[in-house]
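The structure appears right after this line, and notes come after that.
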Amino acid sequence: MTETLPDLLLIGCGKMGGAMLSGWLERGLSRAVVVEPYAPAAEAFAHRATIIPDATAIPAGFAPGAVVFAIKPQEAPATLPAYARFTEGGALFVSIMAGRSVASMRAALGGGAAVVRAMPNTPAAVRQGFTAAYAAPGVTTAQAALADTLLQAVGEVAWVDDEDQINPVTAVSGGGPAYVFLLAEVMEKAAIEQGLPPDLARRMARATVAGSGALLAASTQDAADLRRAVTSPKGTTERALAVLMDPDAWPASMSKAIQAATDRARELAG
Ligand SMILES: NC(=O)C1=CN([C@@H]2O[C@H](COP(=O)(O)OP(=O)(O)OC[C@H]3O[C@@H](n4cnc5c(N)ncnc54)[C@H](OP(=O)(O)O)[C@@H]3O)[C@@H](O)[C@H]2O)C=CC1
Ligand SMILES: O=C(O)[C@@H]1CCC=N1
């Protein structure tokens, strides 16, 4: 694994770009130039990085080892060509943009661009992210190792060999935190419906989701085994799970939701 981080150019310092940048700075990144037109988004990094509003302000002679695209996929066509000049210098391009294909990025950056497509998630903000990544043909072993180091700075990393697999990954782990937070929301609402005070309902829902996640992370047991450990025969949980595990309930909803998100990722290929 590459341990020394090279100079880095980050394009977009919003929710995901900012979460990753803080991980890289923690890992000892010495020089980062951050392109972010919305100044408040990058404000927290002003003392550790050079913040600029657009590509025209990149310091002369700056030669990043890695260029990371953390902008929305729809912004790629207008944004990427300004960074094509780093292709010749042998920079590694890492994109976390949902759906955006390697082919569409190479069309903007030059056919020789070394591109890694990665899909992180927001628990990266607490270094507990999960990222799956795909290295396009032409990415060298050293560049893949650099991408691995960058991504591991914010959590666990897995590599896939087929670019299209990044699309269902986007649907499952990329968007997954939203589904878990939704679970906390609907549990809180259901608790209030049962007459519990709203502040207790909120605390219970948050602590239950967070505690269950921590137990899952600490355990080697399957999720199904941990679920069974809660479910006493003829008890209360069994009654709730009969509702939730009805094939038309959560199993069908989750399958449909993941399909819808995967389809949307494919639409964003460009
Ligand atoms: N949020 C998530 O959970 C995840 C997001 N992603 C991907 O990460 C990318 C960013 O998402 P997210 O962080 O949520 O979005 P944000 O909107 O929070 O961040 C994007 C940032 O990029 C800025 N920006 C817009 N245009 C440019 C430009 N031309 N050059 C530089 N910066 C620009 C935006 O500024 P302004 O607001 O002014 O437009 C914004 O601050 C997306 O492609 C998304 O698919 C991947 C995994 C998870
Ligand atoms: O919703 C999105 O498109 C992005 C990708 C995964 C999480 N957020």
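How things are named: the first chain in the structure tokens is A, the next is B, and so on; residues count from 1 in each chain; ligands count from 1 in the order shown.
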
query = Which neighbours of Pro40 of chain A fall inside 12 Å, counting only C-alpha atoms, when residues of the same chain fewer than 3 positions from it are skipped, and could you give them as a ChimeraX atom specification?
reply = /A:12-15,18,36-37,43-46,51-53

Quick one: write out the picked residues with C-alpha atoms as an mmCIF file, in the first residue's frame?
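Generated output (selection_18.cif):
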data_model
loop_
_atom_site.group_PDB
_atom_site.id
_atom_site.type_symbol
_atom_site.label_atom_id
_atom_site.label_comp_id
_atom_site.auth_asym_id
_atom_site.auth_seq_id
_atom_site.Cartn_x
_atom_site.Cartn_y
_atom_site.Cartn_z
ATOM 1 C CA GLY A 12 -15.798 19.812 -5.148
ATOM 2 C CA CYS A 13 -15.625 20.078 -1.369
ATOM 3 C CA GLY A 14 -19.235 19.360 -0.449
ATOM 4 C CA LYS A 15 -20.536 16.610 1.822
ATOM 5 C CA GLY A 18 -15.134 17.421 2.514
ATOM 6 C CA GLU A 36 -14.858 24.855 -4.637
ATOM 7 C CA PRO A 37 -16.980 27.741 -5.967
ATOM 8 C CA GLU A 43 -14.110 27.137 4.884
ATOM 9 C CA ALA A 44 -13.245 24.500 7.490
ATOM 10 C CA PHE A 45 -10.158 23.537 5.465
ATOM 11 C CA ALA A 46 -8.840 27.039 4.784
ATOM 12 C CA ILE A 51 -9.056 26.895 -1.600
ATOM 13 C CA ILE A 52 -9.777 28.323 -5.040
ATOM 14 C CA PRO A 53 -13.070 29.022 -6.844
#

Contact table chain A vs ligand 1, cut-off 9 Å, shortest pair per residue, only C-alpha atoms and all ligand atoms, as a Markdown table:
| residue | atom | partner | partner_atom_place_in_ligand_line | distance |
| --- | --- | --- | --- | --- |
| A:Leu10 | CA | ligand 1 | 31 (C) | 8.0 |
| A:Ile11 | CA | ligand 1 | 31 (C) | 4.5 |
| A:Gly12 | CA | ligand 1 | 22 (O) | 3.5 |
| A:Cys13 | CA | ligand 1 | 21 (C) | 5.1 |
| A:Gly14 | CA | ligand 1 | 19 (O) | 3.2 |
| A:Lys15 | CA | ligand 1 | 13 (O) | 3.7 |
| A:Met16 | CA | ligand 1 | 13 (O) | 3.8 |
| A:Gly17 | CA | ligand 1 | 13 (O) | 5.5 |
| A:Gly18 | CA | ligand 1 | 13 (O) | 7.4 |
| A:Ala19 | CA | ligand 1 | 13 (O) | 8.4 |
| A:Val34 | CA | ligand 1 | 31 (C) | 7.9 |
| A:Val35 | CA | ligand 1 | 31 (C) | 4.8 |
| A:Glu36 | CA | ligand 1 | 32 (N) | 4.1 |
| A:Pro37 | CA | ligand 1 | 38 (O) | 5.5 |
| A:Tyr38 | CA | ligand 1 | 38 (O) | 4.3 |
| A:Ala39 | CA | ligand 1 | 38 (O) | 8.1 |
| A:Pro40 | CA | ligand 1 | 41 (O) | 8.4 |
| A:Ala41 | CA | ligand 1 | 41 (O) | 5.5 |
| A:Ala42 | CA | ligand 1 | 41 (O) | 7.8 |
| A:Ile52 | CA | ligand 1 | 31 (C) | 8.9 |
| A:Pro53 | CA | ligand 1 | 31 (C) | 7.2 |
| A:Asp54 | CA | ligand 1 | 30 (N) | 6.0 |
| A:Ala55 | CA | ligand 1 | 30 (N) | 7.5 |
| A:Phe69 | CA | ligand 1 | 9 (C) | 7.5 |
| A:Ala70 | CA | ligand 1 | 9 (C) | 4.4 |
| A:Ile71 | CA | ligand 1 | 22 (O) | 4.3 |
| A:Lys72 | CA | ligand 1 | 43 (O) | 3.6 |
| A:Pro73 | CA | ligand 1 | 43 (O) | 4.7 |
| A:Gln74 | CA | ligand 1 | 43 (O) | 7.9 |
| A:Glu75 | CA | ligand 1 | 26 (N) | 6.2 |
| A:Ala76 | CA | ligand 1 | 29 (N) | 7.8 |
| A:Ala78 | CA | ligand 1 | 29 (N) | 7.2 |
| A:Thr79 | CA | ligand 1 | 29 (N) | 4.9 |
| A:Leu80 | CA | ligand 1 | 29 (N) | 8.1 |
| A:Ser95 | CA | ligand 1 | 43 (O) | 7.9 |
| A:Ile96 | CA | ligand 1 | 46 (C) | 5.1 |
| A:Met97 | CA | ligand 1 | 43 (O) | 3.2 |
| A:Ala98 | CA | ligand 1 | 45 (O) | 3.8 |
| A:Gly99 | CA | ligand 1 | 45 (O) | 7.4 |
| A:Arg100 | CA | ligand 1 | 43 (O) | 8.1 |
| A:Ala118 | CA | ligand 1 | 46 (C) | 8.0 |
| A:Met119 | CA | ligand 1 | 47 (C) | 5.2 |
| A:Pro120 | CA | ligand 1 | 47 (C) | 4.7 |
| A:Asn121 | CA | ligand 1 | 48 (C) | 4.3 |
| A:Thr122 | CA | ligand 1 | 3 (O) | 4.9 |
| A:Pro123 | CA | ligand 1 | 3 (O) | 8.6 |
| A:Thr131 | CA | ligand 1 | 47 (C) | 8.5 |
| A:Thr170 | CA | ligand 1 | 47 (C) | 7.1 |
| A:Ser173 | CA | ligand 1 | 48 (C) | 8.4 |
| A:Gly174 | CA | ligand 1 | 48 (C) | 4.9 |
| A:Gly175 | CA | ligand 1 | 3 (O) | 6.0 |
| A:Gly176 | CA | ligand 1 | 3 (O) | 8.5 |
| A:Pro177 | CA | ligand 1 | 3 (O) | 7.6 |
| A:Ala178 | CA | ligand 1 | 3 (O) | 7.9 |
| A:Ala265 | CA | ligand 1 | 45 (O) | 8.8 |

Next, dump the selected residues to file, keeping only C-alpha atoms, as a tab-separated table (two decimals), in the first residue's frame.
chain	number	residue	atom	x	y	z
A	10	LEU	CA	-9.87	18.01	-5.05
A	11	ILE	CA	-12.69	19.24	-7.28
A	12	GLY	CA	-15.80	19.81	-5.15
A	13	CYS	CA	-15.62	20.08	-1.37
A	14	GLY	CA	-19.23	19.36	-0.45
A	15	LYS	CA	-20.54	16.61	1.82
A	16	MET	CA	-18.46	13.74	0.38
A	17	GLY	CA	-15.44	15.68	-0.86
A	18	GLY	CA	-15.13	17.42	2.51
A	19	ALA	CA	-15.49	14.16	4.47
A	34	VAL	CA	-9.35	22.46	-3.45
A	35	VAL	CA	-11.56	23.84	-6.21
A	36	GLU	CA	-14.86	24.85	-4.64
A	37	PRO	CA	-16.98	27.74	-5.97
A	38	TYR	CA	-19.15	27.84	-2.82
A	39	ALA	CA	-16.62	29.25	-0.34
A	40	PRO	CA	-18.46	28.27	2.90
A	41	ALA	CA	-18.31	24.59	1.88
A	42	ALA	CA	-14.51	24.58	2.08
A	52	ILE	CA	-9.78	28.32	-5.04
A	53	PRO	CA	-13.07	29.02	-6.84
A	54	ASP	CA	-12.26	27.48	-10.23
A	55	ALA	CA	-9.61	25.77	-12.32
A	69	PHE	CA	-13.75	14.61	-8.72
A	70	ALA	CA	-16.39	15.04	-6.00
A	71	ILE	CA	-18.82	17.16	-7.98
A	72	LYS	CA	-22.29	16.10	-9.13
A	73	PRO	CA	-22.27	13.83	-12.17
A	74	GLN	CA	-24.38	16.34	-14.12
A	75	GLU	CA	-21.58	18.91	-13.71
A	76	ALA	CA	-18.93	16.67	-15.28
A	78	ALA	CA	-18.73	21.39	-18.15
A	79	THR	CA	-16.09	20.81	-15.48
A	80	LEU	CA	-13.74	17.99	-16.47
A	95	SER	CA	-14.11	10.00	-9.48
A	96	ILE	CA	-16.74	9.49	-6.82
A	97	MET	CA	-19.50	10.75	-9.11
A	98	ALA	CA	-22.52	8.47	-9.18
A	99	GLY	CA	-23.00	6.73	-12.49
A	100	ARG	CA	-20.47	8.73	-14.52
A	118	ALA	CA	-15.00	4.90	-6.57
A	119	MET	CA	-18.22	4.92	-4.58
A	120	PRO	CA	-17.80	5.91	-0.92
A	121	ASN	CA	-20.53	6.71	1.60
A	122	THR	CA	-21.09	9.39	4.23
A	123	PRO	CA	-19.90	7.37	7.27
A	131	THR	CA	-15.97	2.34	-0.68
A	170	THR	CA	-23.95	3.02	-5.53
A	173	SER	CA	-23.64	1.16	0.08
A	174	GLY	CA	-23.46	4.59	-1.55
A	175	GLY	CA	-27.08	5.43	-0.75
A	176	GLY	CA	-27.39	2.87	2.06
A	177	PRO	CA	-26.85	5.32	4.93
A	178	ALA	CA	-29.98	7.15	3.77
A	265	ALA	CA	-26.85	5.33	-11.71

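Nearest residue to ligand 2 among A:Ala153, A:Ala242, A:Val172, A:Leu8 is A:Val172, counting only C-alpha atoms and all ligand atoms.
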
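For the set A:Leu25, A:Ala108, A:Ala184, A:Ala113, the residue with the smallest atom-to-atom gap to Gly270 of chain A is A:Ala108, counting only C-alpha atoms.
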
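Considering only C-alpha atoms and all ligand atoms, the residue among A:Gly213, A:Gly195, A:Pro233, A:Pro168 positioned nearest to ligand 2 is A:Pro168.
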
key: Near-Ala201 of chain A list (12 Å; only C-alpha atoms; drop same-chain fewer than 2 positions) as JSON, numbers by chain   = {"A": [184, 185, 186, 187, 188, 189, 190, 191, 192, 193, 194, 195, 196, 197, 198, 199, 203, 204, 205, 206, 207, 208]}

ask   = Could you write out, as a PyMOL selection string, all the residues of segment 8-193 of chain A that DSSP marks as strand (DSSP E)?
value = chain A and resi 8-11+32-35+50-52+66-69+92-95+114-119+129-135+155-159

Output the selection as a CSV table (one decimal), in the first residue's frame - N, CA and C atoms for each residue.
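That gives us selection-v4.csv:
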chain,number,residue,atom,x,y,z
A,8,LEU,N,-2.5,16.8,-3.9
A,8,LEU,CA,-3.8,16.3,-4.3
A,8,LEU,C,-4.6,17.5,-4.8
A,9,LEU,N,-5.4,17.3,-5.8
A,9,LEU,CA,-6.3,18.4,-6.3
A,9,LEU,C,-7.7,17.8,-6.1
A,10,LEU,N,-8.5,18.5,-5.3
A,10,LEU,CA,-9.9,18.0,-5.1
A,10,LEU,C,-10.8,19.0,-5.7
A,11,ILE,N,-11.7,18.4,-6.6
A,11,ILE,CA,-12.7,19.2,-7.3
A,11,ILE,C,-14.1,19.0,-6.6
A,32,ALA,N,-2.8,20.2,-0.5
A,32,ALA,CA,-4.1,20.0,-1.2
A,32,ALA,C,-4.5,21.3,-1.8
A,33,VAL,N,-4.9,21.3,-3.0
A,33,VAL,CA,-5.6,22.4,-3.7
A,33,VAL,C,-7.0,22.0,-3.9
A,34,VAL,N,-7.9,22.8,-3.4
A,34,VAL,CA,-9.4,22.5,-3.4
A,34,VAL,C,-10.1,23.5,-4.3
A,35,VAL,N,-10.7,23.0,-5.4
A,35,VAL,CA,-11.6,23.8,-6.2
A,35,VAL,C,-13.0,23.7,-5.7
A,50,THR,N,-5.3,24.9,0.1
A,50,THR,CA,-5.4,26.1,-0.8
A,50,THR,C,-6.8,26.0,-1.4
A,51,ILE,N,-7.7,26.9,-1.1
A,51,ILE,CA,-9.1,26.9,-1.6
A,51,ILE,C,-9.2,27.9,-2.7
A,52,ILE,N,-9.6,27.4,-3.9
A,52,ILE,CA,-9.8,28.3,-5.0
A,52,ILE,C,-11.2,28.1,-5.7
A,66,ALA,N,-2.7,13.1,-7.7
A,66,ALA,CA,-4.1,12.6,-7.8
A,66,ALA,C,-5.1,13.8,-7.9
A,67,VAL,N,-6.1,13.6,-8.8
A,67,VAL,CA,-7.1,14.6,-9.0
A,67,VAL,C,-8.4,13.9,-8.7
A,68,VAL,N,-9.2,14.4,-7.7
A,68,VAL,CA,-10.4,13.7,-7.2
A,68,VAL,C,-11.6,14.6,-7.6
A,69,PHE,N,-12.5,13.9,-8.3
A,69,PHE,CA,-13.8,14.6,-8.7
A,69,PHE,C,-14.9,14.2,-7.7
A,92,LEU,N,-3.3,10.5,-11.4
A,92,LEU,CA,-4.4,9.6,-11.2
A,92,LEU,C,-5.7,10.4,-11.0
A,93,PHE,N,-6.7,10.0,-11.8
A,93,PHE,CA,-8.0,10.7,-11.6
A,93,PHE,C,-8.9,9.7,-10.8
A,94,VAL,N,-9.5,10.2,-9.7
A,94,VAL,CA,-10.4,9.4,-8.9
A,94,VAL,C,-11.7,10.1,-9.0
A,95,SER,N,-12.8,9.4,-9.4
A,95,SER,CA,-14.1,10.0,-9.5
A,95,SER,C,-15.0,9.3,-8.5
A,114,ALA,N,-5.7,8.0,-16.6
A,114,ALA,CA,-5.8,6.9,-15.6
A,114,ALA,C,-6.9,7.2,-14.7
A,115,VAL,N,-8.0,6.4,-14.8
A,115,VAL,CA,-9.2,6.7,-14.0
A,115,VAL,C,-9.6,5.6,-13.1
A,116,VAL,N,-9.9,5.9,-11.8
A,116,VAL,CA,-10.5,5.0,-10.9
A,116,VAL,C,-11.9,5.6,-10.5
A,117,ARG,N,-12.9,4.7,-10.7
A,117,ARG,CA,-14.2,5.1,-10.3
A,117,ARG,C,-14.4,4.5,-8.9
A,118,ALA,N,-14.8,5.4,-7.9
A,118,ALA,CA,-15.0,4.9,-6.6
A,118,ALA,C,-16.4,5.3,-6.1
A,119,MET,N,-16.9,4.5,-5.2
A,119,MET,CA,-18.2,4.9,-4.6
A,119,MET,C,-18.1,4.8,-3.1
A,129,GLY,N,-16.5,4.7,6.6
A,129,GLY,CA,-17.1,4.6,5.3
A,129,GLY,C,-16.9,3.2,4.7
A,130,PHE,N,-17.6,3.0,3.6
A,130,PHE,CA,-17.3,1.8,2.8
A,130,PHE,C,-17.2,2.3,1.4
A,131,THR,N,-16.2,1.9,0.7
A,131,THR,CA,-16.0,2.3,-0.7
A,131,THR,C,-15.7,1.1,-1.5
A,132,ALA,N,-16.4,1.0,-2.6
A,132,ALA,CA,-16.0,0.0,-3.7
A,132,ALA,C,-15.4,0.8,-4.8
A,133,ALA,N,-14.4,0.3,-5.4
A,133,ALA,CA,-13.7,1.0,-6.5
A,133,ALA,C,-13.4,0.1,-7.7
A,134,TYR,N,-13.3,0.8,-8.8
A,134,TYR,CA,-12.9,0.1,-10.1
A,134,TYR,C,-11.8,0.8,-10.7
A,135,ALA,N,-10.8,0.1,-11.1
A,135,ALA,CA,-9.6,0.7,-11.8
A,135,ALA,C,-9.8,0.4,-13.3
A,155,GLY,N,-12.2,4.7,5.6
A,155,GLY,CA,-12.9,3.4,5.9
A,155,GLY,C,-12.4,2.2,5.1
A,156,GLU,N,-13.4,1.3,5.0
A,156,GLU,CA,-13.1,0.0,4.3
A,156,GLU,C,-13.2,0.1,2.8
A,157,VAL,N,-12.3,-0.6,2.1
A,157,VAL,CA,-12.3,-0.5,0.7
A,157,VAL,C,-12.4,-1.9,0.0
A,158,ALA,N,-13.2,-2.0,-1.0
A,158,ALA,CA,-13.3,-3.3,-1.8
A,158,ALA,C,-13.1,-2.9,-3.3
A,159,TRP,N,-12.5,-3.7,-4.1
A,159,TRP,CA,-12.3,-3.5,-5.5
A,159,TRP,C,-13.2,-4.4,-6.3

query = With only C-alpha atoms as the atoms that count, which of A:Ser219, A:Ser253, A:Gln165, A:Thr4 lies nearest to Leu29 of chain A?
reply = A:Thr4

key: Backbone DSSP call of helix (DSSP H, G or I) for segment 7-254 of chain A, listed as a ChimeraX atom specification   = /A:15-26,39-45,55-57,73-83,85-88,102-109,122-126,141-152,163-174,176-193,198-218,223-230,236-244,250-254

Residue subset to file, keeping C-alpha atoms, as a short mmCIF file (atom, residue, chain, number, x, y, z; two decimals), in the first residue's frame:
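Now in again17.cif:
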data_model
loop_
_atom_site.label_atom_id
_atom_site.label_comp_id
_atom_site.auth_asym_id
_atom_site.auth_seq_id
_atom_site.Cartn_x
_atom_site.Cartn_y
_atom_site.Cartn_z
CA LYS A 15 -20.54 16.61 1.82
CA MET A 16 -18.46 13.74 0.38
CA GLY A 17 -15.44 15.68 -0.86
CA GLY A 18 -15.13 17.42 2.51
CA ALA A 19 -15.49 14.16 4.47
CA MET A 20 -12.74 12.56 2.41
CA LEU A 21 -10.45 15.58 2.57
CA SER A 22 -10.59 15.58 6.36
CA GLY A 23 -9.56 11.90 6.32
CA TRP A 24 -6.64 12.62 3.99
CA LEU A 25 -5.45 15.54 6.10
CA GLU A 26 -5.61 13.30 9.15
CA ALA A 39 -16.62 29.25 -0.34
CA PRO A 40 -18.46 28.27 2.90
CA ALA A 41 -18.31 24.59 1.88
CA ALA A 42 -14.51 24.58 2.08
CA GLU A 43 -14.11 27.14 4.88
CA ALA A 44 -13.25 24.50 7.49
CA PHE A 45 -10.16 23.54 5.46
CA ALA A 55 -9.61 25.77 -12.32
CA THR A 56 -8.17 29.03 -13.63
CA ALA A 57 -6.78 29.75 -10.14
CA PRO A 73 -22.27 13.83 -12.17
CA GLN A 74 -24.38 16.34 -14.12
CA GLU A 75 -21.58 18.91 -13.71
CA ALA A 76 -18.93 16.67 -15.28
CA PRO A 77 -19.24 17.70 -18.96
CA ALA A 78 -18.73 21.39 -18.15
CA THR A 79 -16.09 20.81 -15.48
CA LEU A 80 -13.74 17.99 -16.47
CA PRO A 81 -12.11 19.44 -19.62
CA ALA A 82 -10.32 22.09 -17.50
CA TYR A 83 -8.38 19.27 -15.81
CA ARG A 85 -3.93 18.97 -18.79
CA PHE A 86 -3.09 16.73 -15.80
CA THR A 87 -3.50 13.60 -17.91
CA GLU A 88 -0.13 14.16 -19.59
CA VAL A 102 -14.95 5.92 -17.35
CA ALA A 103 -15.64 6.32 -21.07
CA SER A 104 -17.42 9.63 -20.56
CA MET A 105 -14.64 10.89 -18.27
CA ARG A 106 -11.95 9.87 -20.75
CA ALA A 107 -13.85 11.68 -23.48
CA ALA A 108 -13.31 14.87 -21.44
CA LEU A 109 -9.86 14.15 -19.96
CA THR A 122 -21.09 9.39 4.23
CA PRO A 123 -19.90 7.37 7.27
CA ALA A 124 -16.53 8.35 5.74
CA ALA A 125 -17.01 11.50 7.83
CA VAL A 126 -16.30 9.38 10.93
CA THR A 141 -0.37 -0.94 -9.94
CA ALA A 142 1.15 2.06 -8.18
CA GLN A 143 -1.83 4.25 -9.09
CA ALA A 144 -4.30 1.61 -7.85
CA ALA A 145 -2.30 1.39 -4.61
CA LEU A 146 -2.49 5.17 -4.26
CA ALA A 147 -6.26 5.10 -4.80
CA ASP A 148 -6.53 2.32 -2.21
CA THR A 149 -4.57 4.41 0.32
CA LEU A 150 -6.72 7.48 -0.32
CA LEU A 151 -9.96 5.54 0.03
CA GLN A 152 -8.81 3.57 3.09
CA GLU A 163 -17.18 -1.25 -14.02
CA ASP A 164 -20.93 -1.80 -14.14
CA GLN A 165 -20.83 -3.26 -10.60
CA ILE A 166 -20.17 0.25 -9.29
CA ASN A 167 -23.80 1.05 -10.18
CA PRO A 168 -25.47 -1.45 -7.80
CA VAL A 169 -22.76 -0.58 -5.26
CA THR A 170 -23.95 3.02 -5.53
CA ALA A 171 -27.49 1.86 -4.83
CA VAL A 172 -26.56 -0.35 -1.85
CA SER A 173 -23.64 1.16 0.08
CA GLY A 174 -23.46 4.59 -1.55
CA GLY A 176 -27.39 2.87 2.06
CA PRO A 177 -26.85 5.32 4.93
CA ALA A 178 -29.98 7.15 3.77
CA TYR A 179 -32.06 3.99 4.13
CA VAL A 180 -30.67 3.41 7.63
CA PHE A 181 -31.42 7.01 8.63
CA LEU A 182 -34.92 6.57 7.21
CA LEU A 183 -35.28 3.56 9.49
CA ALA A 184 -34.47 5.79 12.46
CA GLU A 185 -37.02 8.34 11.22
CA VAL A 186 -39.88 5.87 10.82
CA MET A 187 -39.10 4.12 14.14
CA GLU A 188 -39.25 7.49 15.87
CA LYS A 189 -42.59 8.28 14.23
CA ALA A 190 -44.03 4.86 15.14
CA ALA A 191 -42.88 5.30 18.76
CA ILE A 192 -44.72 8.64 18.95
CA GLU A 193 -47.83 6.97 17.51
CA PRO A 198 -41.15 12.78 21.14
CA ASP A 199 -37.78 13.32 22.87
CA LEU A 200 -37.77 9.75 24.18
CA ALA A 201 -38.86 8.46 20.75
CA ARG A 202 -35.97 10.31 19.09
CA ARG A 203 -33.37 9.08 21.60
CA MET A 204 -34.63 5.50 21.35
CA ALA A 205 -34.59 5.43 17.55
CA ARG A 206 -31.12 6.96 17.27
CA ALA A 207 -29.59 4.79 19.99
CA THR A 208 -31.18 1.63 18.63
CA VAL A 209 -29.91 2.19 15.08
CA ALA A 210 -26.45 3.28 16.25
CA GLY A 211 -26.14 0.49 18.85
CA SER A 212 -27.29 -2.17 16.40
CA GLY A 213 -24.74 -0.91 13.85
CA ALA A 214 -21.99 -1.06 16.45
CA LEU A 215 -23.02 -4.59 17.47
CA LEU A 216 -23.03 -5.70 13.83
CA ALA A 217 -19.58 -4.14 13.33
CA ALA A 218 -18.20 -5.85 16.42
CA ALA A 223 -27.03 -10.17 10.45
CA ALA A 224 -29.71 -12.88 10.34
CA ASP A 225 -28.21 -14.53 13.46
CA LEU A 226 -28.16 -11.21 15.31
CA ARG A 227 -31.80 -10.72 14.27
CA ARG A 228 -32.71 -14.20 15.52
CA ALA A 229 -31.01 -13.43 18.86
CA VAL A 230 -33.57 -10.65 19.40
CA THR A 236 -43.12 -9.56 20.56
CA THR A 237 -40.39 -9.19 17.90
CA GLU A 238 -41.73 -12.25 16.11
CA ARG A 239 -45.03 -10.42 15.65
CA ALA A 240 -43.29 -7.31 14.26
CA LEU A 241 -41.09 -9.32 11.91
CA ALA A 242 -44.11 -11.17 10.54
CA VAL A 243 -45.24 -7.77 9.25
CA LEU A 244 -41.85 -6.50 8.06
CA TRP A 250 -39.45 -4.98 3.27
CA PRO A 251 -37.93 -7.69 1.00
CA ALA A 252 -39.91 -6.43 -2.01
CA SER A 253 -39.48 -2.74 -1.15
CA MET A 254 -35.72 -3.05 -0.75
#

Atom-to-atom span, atom CA of Gly90 of chain A and atom CA of Gly111 of chain A, Å = 12.3 Å
